[in-house]
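Here's protein-v6.csv, which has CSV, C-alpha atoms:
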```csv
chain,number,residue,atom,x,y,z
A,1,ARG,CA,33.5,77.1,90.5
A,2,ASP,CA,32.8,80.6,89.2
A,3,ARG,CA,34.8,81.6,86.1
A,4,LYS,CA,34.5,85.4,86.6
A,5,GLU,CA,35.6,85.1,90.3
A,6,THR,CA,38.6,82.9,89.2
A,7,ASP,CA,39.5,85.4,86.5
A,8,ALA,CA,39.4,88.2,89.0
A,9,ILE,CA,41.7,86.4,91.4
A,10,PHE,CA,44.3,85.8,88.6
A,11,GLU,CA,44.0,89.4,87.4
A,12,LYS,CA,44.5,90.8,90.9
A,13,HIS,CA,47.4,88.6,92.1
A,14,LYS,CA,49.1,87.7,88.8
A,15,PRO,CA,50.6,84.5,90.2
A,16,THR,CA,53.8,83.1,88.5
A,17,HIS,CA,53.5,79.7,90.3
A,18,VAL,CA,50.2,77.9,91.3
A,19,ILE,CA,49.6,75.0,93.6
A,20,HIS,CA,46.0,73.9,92.8
A,21,LEU,CA,44.3,72.4,95.9
A,22,ALA,CA,40.8,73.8,95.2
A,23,ALA,CA,38.2,71.0,95.1
A,24,LYS,CA,34.9,69.7,96.3
A,25,VAL,CA,36.0,66.9,98.6
A,26,GLY,CA,34.4,64.5,101.1
A,27,GLY,CA,34.6,61.1,102.6
A,28,LEU,CA,33.1,57.8,101.3
A,29,PHE,CA,29.5,58.5,102.2
A,30,ALA,CA,29.4,62.1,100.8
A,31,ASN,CA,30.9,60.8,97.5
A,32,MET,CA,28.3,58.1,97.3
A,33,LYS,CA,25.4,60.5,97.8
A,34,GLN,CA,26.5,63.4,95.5
A,35,LYS,CA,28.2,62.0,92.4
A,36,VAL,CA,26.8,64.6,90.1
A,37,GLU,CA,28.0,67.5,92.3
A,38,PHE,CA,31.4,66.0,92.8
A,39,TYR,CA,31.8,65.6,89.1
A,40,ARG,CA,30.4,68.9,87.9
A,41,GLU,CA,32.0,71.2,90.6
A,42,ASN,CA,35.4,69.7,90.3
A,43,THR,CA,35.4,69.8,86.5
A,44,LEU,CA,34.5,73.5,86.6
A,45,ILE,CA,37.1,74.3,89.2
A,46,ASN,CA,39.8,72.5,87.3
A,47,ASP,CA,38.9,74.1,83.9
A,48,ASN,CA,38.8,77.6,85.4
A,49,ILE,CA,42.2,77.3,87.1
A,50,MET,CA,44.0,75.6,84.2
A,51,GLU,CA,42.8,77.9,81.6
A,52,ASN,CA,43.7,81.0,83.7
A,53,CYS,CA,47.2,79.6,84.2
A,54,ARG,CA,47.5,79.4,80.4
A,55,ILE,CA,46.1,82.8,79.7
A,56,HIS,CA,48.3,84.4,82.4
A,57,LYS,CA,51.4,82.5,81.3
A,58,VAL,CA,51.9,80.9,84.8
A,59,THR,CA,55.5,79.5,85.0
A,60,LYS,CA,54.4,76.3,86.8
A,61,LEU,CA,51.1,74.7,87.9
A,62,VAL,CA,51.0,71.8,90.3
A,63,SER,CA,47.6,70.2,90.7
A,64,MET,CA,46.5,67.6,93.3
A,65,LEU,CA,45.0,64.3,92.4
A,66,SER,CA,44.2,61.3,94.7
A,67,THR,CA,44.8,57.6,94.9
A,68,CYS,CA,41.0,57.1,95.1
A,69,ILE,CA,40.7,57.9,91.4
A,70,PHE,CA,42.7,54.8,90.2
A,71,PRO,CA,40.9,51.8,88.7
A,72,ASP,CA,38.9,49.7,91.1
A,73,LYS,CA,40.0,46.4,89.5
A,74,THR,CA,43.7,46.6,89.3
A,75,LYS,CA,46.9,44.9,90.6
A,76,TYR,CA,48.8,46.3,93.6
A,77,PRO,CA,50.8,48.4,94.2
A,78,ILE,CA,49.3,51.0,91.9
A,79,ASP,CA,51.7,53.5,90.2
A,80,GLU,CA,51.4,56.6,88.1
A,81,THR,CA,51.2,54.7,84.8
A,82,MET,CA,48.0,52.8,85.8
A,83,LEU,CA,45.7,55.9,86.3
A,84,HIS,CA,43.5,55.3,83.2
A,85,ASP,CA,43.6,51.5,83.0
A,86,GLY,CA,40.0,51.0,84.0
A,87,PRO,CA,36.9,52.5,85.8
A,88,PRO,CA,37.3,53.8,89.3
A,89,HIS,CA,35.4,52.4,92.3
A,90,PRO,CA,31.7,53.1,91.8
A,91,SER,CA,31.5,54.8,95.2
A,92,ASN,CA,33.4,57.9,94.0
A,93,GLU,CA,33.2,57.8,90.2
A,94,GLY,CA,32.0,61.4,90.0
A,95,TYR,CA,35.0,62.8,91.8
A,96,ALA,CA,37.4,60.3,90.2
A,97,TYR,CA,36.6,61.1,86.6
A,98,ALA,CA,36.8,64.8,87.2
A,99,LYS,CA,40.2,64.5,88.8
A,100,ARG,CA,41.5,62.1,86.1
A,101,LEU,CA,40.9,64.8,83.5
A,102,ILE,CA,43.6,67.0,85.2
A,103,ASP,CA,46.2,64.5,84.1
A,104,THR,CA,44.8,64.4,80.6
A,105,MET,CA,44.8,68.2,80.3
A,106,ASN,CA,48.3,68.6,81.8
A,107,ARG,CA,49.6,66.7,78.8
A,108,ALA,CA,47.3,68.5,76.4
A,109,TYR,CA,48.3,71.9,77.6
A,110,ALA,CA,52.0,70.9,77.3
A,111,GLU,CA,51.6,69.6,73.8
A,112,GLU,CA,49.5,72.5,72.4
A,113,TYR,CA,50.7,75.5,74.4
A,114,GLY,CA,54.0,74.4,76.0
A,115,CYS,CA,52.6,74.8,79.5
A,116,ASN,CA,54.6,73.4,82.5
A,117,PHE,CA,51.7,71.8,84.2
A,118,THR,CA,52.0,68.6,86.4
A,119,SER,CA,50.1,66.8,89.1
A,120,ILE,CA,50.8,65.0,92.4
A,121,ILE,CA,49.0,62.0,93.8
A,122,PRO,CA,49.0,61.9,97.6
A,123,THR,CA,47.6,59.1,99.6
A,124,ASN,CA,45.2,59.9,102.5
A,125,ILE,CA,46.2,63.2,104.1
A,126,TYR,CA,45.7,64.2,107.7
A,127,GLY,CA,46.9,66.8,110.1
A,128,PRO,CA,46.1,70.2,111.6
A,129,HIS,CA,43.6,72.5,109.9
A,130,ASP,CA,41.6,69.6,108.5
A,131,ASN,CA,37.9,69.3,108.1
A,132,PHE,CA,36.9,67.3,111.2
A,133,SER,CA,33.3,66.7,110.2
A,134,ILE,CA,32.1,63.3,111.2
A,135,GLN,CA,29.7,63.1,108.2
A,136,ASN,CA,31.8,64.7,105.4
A,137,GLY,CA,35.4,64.6,106.6
A,138,HIS,CA,38.1,62.1,105.7
A,139,VAL,CA,39.1,59.1,107.8
A,140,ILE,CA,41.4,60.4,110.4
A,141,PRO,CA,39.8,63.8,111.1
A,142,GLY,CA,36.4,62.1,111.3
A,143,LEU,CA,37.7,59.6,113.7
A,144,ILE,CA,39.3,62.3,115.9
A,145,HIS,CA,36.1,64.2,116.2
A,146,LYS,CA,34.1,61.0,116.8
A,147,CYS,CA,36.5,59.9,119.5
A,148,TYR,CA,36.3,63.3,121.2
A,149,LYS,CA,32.5,63.1,121.3
A,150,ALA,CA,32.6,59.6,122.7
A,151,LYS,CA,35.0,60.7,125.4
A,152,GLN,CA,32.9,63.7,126.3
A,153,ASP,CA,29.6,61.7,126.3
A,154,ASN,CA,31.1,58.6,128.0
A,155,THR,CA,29.8,56.5,125.1
A,156,PRO,CA,31.6,53.8,122.9
A,157,PHE,CA,33.9,55.0,120.2
A,158,THR,CA,32.1,53.6,117.1
A,159,ILE,CA,33.9,53.2,113.8
A,160,TRP,CA,31.9,52.8,110.6
A,161,GLY,CA,32.8,49.6,108.8
A,162,SER,CA,34.8,46.5,109.8
A,163,GLY,CA,38.1,48.3,110.4
A,164,THR,CA,39.9,45.9,108.0
A,165,PRO,CA,40.5,48.1,104.9
A,166,LEU,CA,44.1,49.1,104.4
A,167,ARG,CA,45.3,52.7,103.8
A,168,GLN,CA,48.5,54.7,103.5
A,169,PHE,CA,48.4,58.0,105.3
A,170,ILE,CA,50.6,61.0,104.8
A,171,TYR,CA,51.0,63.8,107.4
A,172,SER,CA,50.0,67.2,105.9
A,173,GLY,CA,53.4,68.8,106.9
A,174,ASP,CA,55.3,66.1,104.9
A,175,LEU,CA,53.0,66.6,101.9
A,176,ALA,CA,53.5,70.4,102.0
A,177,GLU,CA,57.3,69.9,101.9
A,178,LEU,CA,57.2,67.5,99.0
A,179,THR,CA,54.7,69.7,97.1
A,180,VAL,CA,57.2,72.6,97.2
A,181,TRP,CA,59.9,70.2,96.1
A,182,VAL,CA,57.8,69.2,93.1
A,183,MET,CA,57.2,72.9,92.2
A,184,ARG,CA,60.9,73.6,92.3
A,185,GLU,CA,62.5,70.3,91.0
A,186,TYR,CA,60.1,68.0,89.2
A,187,HIS,CA,59.3,69.1,85.6
A,188,SER,CA,57.2,66.6,83.7
A,189,PRO,CA,53.4,66.6,82.9
A,190,ASP,CA,53.3,63.0,84.1
A,191,PRO,CA,52.0,62.7,87.7
A,192,ILE,CA,54.1,61.7,90.7
A,193,THR,CA,52.8,59.8,93.7
A,194,LEU,CA,53.6,61.4,97.1
A,195,SER,CA,53.2,58.6,99.6
A,196,VAL,CA,54.7,56.8,102.5
A,197,ASP,CA,56.3,53.5,101.7
A,198,GLU,CA,54.2,50.4,101.1
A,199,ASP,CA,55.2,48.9,104.4
A,200,ALA,CA,53.6,51.9,106.2
A,201,GLU,CA,50.1,50.8,105.1
A,202,VAL,CA,47.8,50.2,108.1
A,203,PRO,CA,44.3,48.9,108.7
A,204,ILE,CA,41.7,51.4,109.7
A,205,LYS,CA,41.4,49.5,113.0
A,206,ASP,CA,45.0,50.5,113.9
A,207,VAL,CA,44.3,54.1,113.0
A,208,ALA,CA,41.3,54.1,115.3
A,209,HIS,CA,43.4,52.7,118.2
A,210,ALA,CA,46.1,55.4,117.5
A,211,VAL,CA,43.4,58.1,117.7
A,212,ALA,CA,42.0,56.7,120.9
A,213,LYS,CA,45.6,56.6,122.4
A,214,ALA,CA,46.3,60.2,121.4
A,215,MET,CA,42.9,61.3,122.7
A,216,LYS,CA,43.5,59.4,126.0
A,217,PHE,CA,40.2,57.6,125.4
A,218,GLU,CA,39.8,54.6,127.6
A,219,GLY,CA,36.3,53.5,126.8
A,220,GLU,CA,34.9,50.8,124.5
A,221,ILE,CA,35.9,50.8,120.8
A,222,LYS,CA,33.2,49.3,118.5
A,223,PHE,CA,33.1,48.6,114.7
A,224,ASP,CA,29.7,49.0,113.0
A,225,THR,CA,29.8,46.4,110.2
A,226,ASP,CA,26.4,47.5,108.9
A,227,LYS,CA,28.3,50.5,107.3
A,228,ALA,CA,30.2,50.1,104.0
A,229,ASP,CA,33.9,49.7,104.0
A,230,GLY,CA,34.7,51.1,100.5
A,231,GLN,CA,37.7,49.7,98.7
A,232,PHE,CA,39.6,47.1,100.7
A,233,LYS,CA,43.0,48.5,99.7
A,234,LYS,CA,44.6,50.9,97.2
A,235,THR,CA,48.3,50.4,98.0
A,236,ALA,CA,50.4,53.0,96.2
A,237,CYS,CA,54.0,52.6,95.0
A,238,ASN,CA,56.3,55.5,95.7
A,239,LYS,CA,59.2,54.2,93.7
A,240,LYS,CA,59.2,57.2,91.4
A,241,LEU,CA,59.4,59.6,94.4
A,242,ARG,CA,62.1,57.5,96.1
A,243,GLY,CA,64.1,57.7,92.8
A,244,TYR,CA,64.4,61.4,93.5
A,245,ARG,CA,64.2,61.5,97.3
A,246,ALA,CA,65.6,58.2,98.6
A,247,ASP,CA,66.3,59.6,102.1
A,248,TYR,CA,63.1,61.5,102.8
A,249,LYS,CA,61.9,60.7,106.3
A,250,PHE,CA,58.1,60.7,106.7
A,251,THR,CA,56.3,61.5,110.0
A,252,SER,CA,55.2,58.4,111.8
A,253,MET,CA,51.5,57.6,112.2
A,254,GLU,CA,51.7,57.8,116.0
A,255,GLU,CA,53.5,61.2,115.9
A,256,GLY,CA,51.3,62.6,113.2
A,257,VAL,CA,48.0,61.5,114.8
A,258,GLN,CA,49.2,63.0,118.1
A,259,LYS,CA,49.9,66.4,116.4
A,260,ALA,CA,46.5,66.3,114.7
A,261,VAL,CA,44.6,65.5,118.0
A,262,ASP,CA,46.5,68.2,119.9
A,263,TRP,CA,45.7,70.8,117.3
A,264,PHE,CA,42.0,69.7,117.2
A,265,LEU,CA,41.7,70.0,121.0
A,266,GLU,CA,43.4,73.4,121.0
A,267,ASN,CA,41.2,74.7,118.2
A,268,TYR,CA,37.9,72.9,118.9
A,269,ASP,CA,35.8,76.0,119.0
A,270,THR,CA,36.9,77.4,115.6
A,271,CYS,CA,38.0,74.4,113.5
A,272,ARG,CA,36.0,73.0,110.6
A,273,LYS,CA,33.7,70.3,111.9
```
Would you give me this structure, written as structure tokens?
Amino acid sequence: RDRKETDAIFEKHKPTHVIHLAAKVGGLFANMKQKVEFYRENTLINDNIMENCRIHKVTKLVSMLSTCIFPDKTKYPIDETMLHDGPPHPSNEGYAYAKRLIDTMNRAYAEEYGCNFTSIIPTNIYGPHDNFSIQNGHVIPGLIHKCYKAKQDNTPFTIWGSGTPLRQFIYSGDLAELTVWVMREYHSPDPITLSVDEDAEVPIKDVAHAVAKAMKFEGEIKFDTDKADGQFKKTACNKKLRGYRADYKFTSMEEGVQKAVDWFLENYDTCRK
């Protein structure tokens, strides 16, 4: 967020390749409450990093976008060409517009300065080292922490919303591997979606049951339908990725959730929550 601090980091480390993951992030309810902060802070972060990459003649910059920044009213599956086809869902428009500008500026920096900047669009990420905050975390880490508390307190495991919305989830280890591949092999300012296949999309209800199984939770599972669901679906097409990496094998939901739960339990005292 701070330009002088960002300048100092680039001056000190003089990076040749940058993977830009810095962002103000949060779940549905945090995005709904803080639209101004999500827009302003992410815009500042992106501008500071991109301009420093230009000034320091960084060889390659890979920035992270998100499927939640796509148009709300659209046809599915969504692909990289549809990013700017309409307004995003009102629940996260502050974050979405700030992130969309990365794609715009990647092309602008390429045209004006010849910079090799690109972006990746992952679906919902989960895994070890996540932010397991129930209030501000993303879906799976939030559910993991909530299930842990329900097991400790011998209370129902309550999920916000109906459990019917559909999502594609990518395990963090898979995303890390594919991001390094993009850095080394994919050279275009146009974004590329890093996602599991369309048939791996699952309802939140199934994710909650996978978390309960991994946590060995045997109590009641309830869905609080007074809470908002957000977008019903945002199915992403990974055809572009499969054109390059047809044989890439993604970690299954069951295996990935088990790894995330095991890490959370082993690191409960020190993890972000």
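Nearest-residue note for His145 of chain A: choosing from A:Asp85, A:Asn267, A:Asp72, A:Ala8, the minimum distance belongs to A:Asn267, counting all atoms listed in the file.
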Coordinates-based distance that separates atom CA of Trp160 of chain A from atom CA of Asn136 of chain A (Å, one decimal):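 According to the coordinates, atom CA of Asn136 of chain A and atom CA of Trp160 of chain A are separated by 13.0 Å.
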Taking into account all atoms listed in the file, which residue in the set A:Phe10, A:Tyr95, A:Tyr76, A:Phe117 is nearest to Asn31 of chain A?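 Looking at the shortest contact to Asn31 of chain A, the residue is A:Tyr95.
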Would you mind reading off the distance between atom CA of Ile9 of chain A and atom CA of Leu21 of chain A, one decimal, in Å?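 Computing the Euclidean distance for atom CA of Ile9 of chain A and atom CA of Leu21 of chain A yields 14.9 Å.
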Of the listed residues A:Gly142, A:Pro87, A:Pro203, A:Gly137, that which approaches Arg167 of chain A most closely, counting all atoms listed in the file: A:Pro203
Do you know which residues are at most 7 Å from segment 177-185 of chain A counting only C-alpha atoms, after dropping those on the same chain fewer than 4 positions away, and could you put them as a ChimeraX atom specification? /A:60,62,173
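We find atom CA of Leu175 of chain A and atom CA of Phe38 of chain A to be spaced 23.4 Å apart.
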Local residues around (50.2, 46.4, 102.6), at most 8 Å away, using all atoms listed in the file, as a PDB file with C-alpha atoms, in the coordinates of the input:
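Result file is part-v6.pdb:
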```pdb
ATOM      1  CA  LEU A 166      44.100  49.100 104.400  1.00  0.00           C
ATOM      2  CA  GLU A 198      54.200  50.400 101.100  1.00  0.00           C
ATOM      3  CA  ASP A 199      55.200  48.900 104.400  1.00  0.00           C
ATOM      4  CA  ALA A 200      53.600  51.900 106.200  1.00  0.00           C
ATOM      5  CA  GLU A 201      50.100  50.800 105.100  1.00  0.00           C
ATOM      6  CA  VAL A 202      47.800  50.200 108.100  1.00  0.00           C
ATOM      7  CA  THR A 235      48.300  50.400  98.000  1.00  0.00           C
TER       8      THR A 235
END
```
Residues near Leu143 of chain A, anyone? I mean within 8 Å using only C-alpha atoms, not counting same-chain ones fewer than 3 positions away, as a PyMOL selection string. chain A and resi 134+139-140+146-147+159+208+211
Looking at only C-alpha atoms, which of A:Ile78, A:Ala176, A:Ala212, A:Ala96 is the one that sits closest to Phe157 of chain A?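 Result for the nearest residue to Phe157 of chain A: A:Ala212.
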Choose the residue, out of A:Ile102, A:Glu220, A:Asp269, A:Tyr171, that has the smallest atom-to-atom separation from Glu255 of chain A; count all atoms listed in the file. A:Tyr171
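Residue nearest Lys151 of chain A within the list A:Pro122, A:Gly219, A:Pro77, A:Gly86: A:Gly219 [criterion: smallest interatomic distance, all atoms listed in the file].
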Segment 61-79 of chain A: axis-aligned bounding box, 8 Å on each side, centre and edge lengths in Å, one decimal, as AutoDock Vina command-line options:
```
--center_x 45.3 --center_y 59.8 --center_z 91.5 --size_x 28.8 --size_y 45.8 --size_z 23.2
```
What lies within 7 Å of segment 186-191 of chain A using all atoms listed in the file, ignoring chain neighbours under 4 positions off, as a ChimeraX atom specification? /A:80,106-107,116-121,182
Next, dump the selected residues to file, keeping only C-alpha atoms, as a short mmCIF file (atom, residue, chain, number, x, y, z; two decimals), keeping the file's coordinate frame.
```cif
data_model
loop_
_atom_site.label_atom_id
_atom_site.label_comp_id
_atom_site.auth_asym_id
_atom_site.auth_seq_id
_atom_site.Cartn_x
_atom_site.Cartn_y
_atom_site.Cartn_z
CA GLU A 80 51.40 56.60 88.10
CA ASN A 106 48.30 68.60 81.80
CA ARG A 107 49.60 66.70 78.80
CA ASN A 116 54.60 73.40 82.50
CA PHE A 117 51.70 71.80 84.20
CA THR A 118 52.00 68.60 86.40
CA SER A 119 50.10 66.80 89.10
CA ILE A 120 50.80 65.00 92.40
CA ILE A 121 49.00 62.00 93.80
CA VAL A 182 57.80 69.20 93.10
#
```
Give me, as number ranges by chain, all polymer residues having an atom no more than 8 Å from Asn238 of chain A, counting only C-alpha atoms and skipping those fewer than 3 positions away in the same chain. A: 79, 193-198, 241-242
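Neighbours of Asp262 of chain A closer than or equal to 10 Å, with all atoms listed in the file counted and sequence neighbours fewer than 5 positions away skipped, come out as Gly127, Pro128, Ala214, Met215, Gly256, Val257, Asn267 and Tyr268 of chain A.
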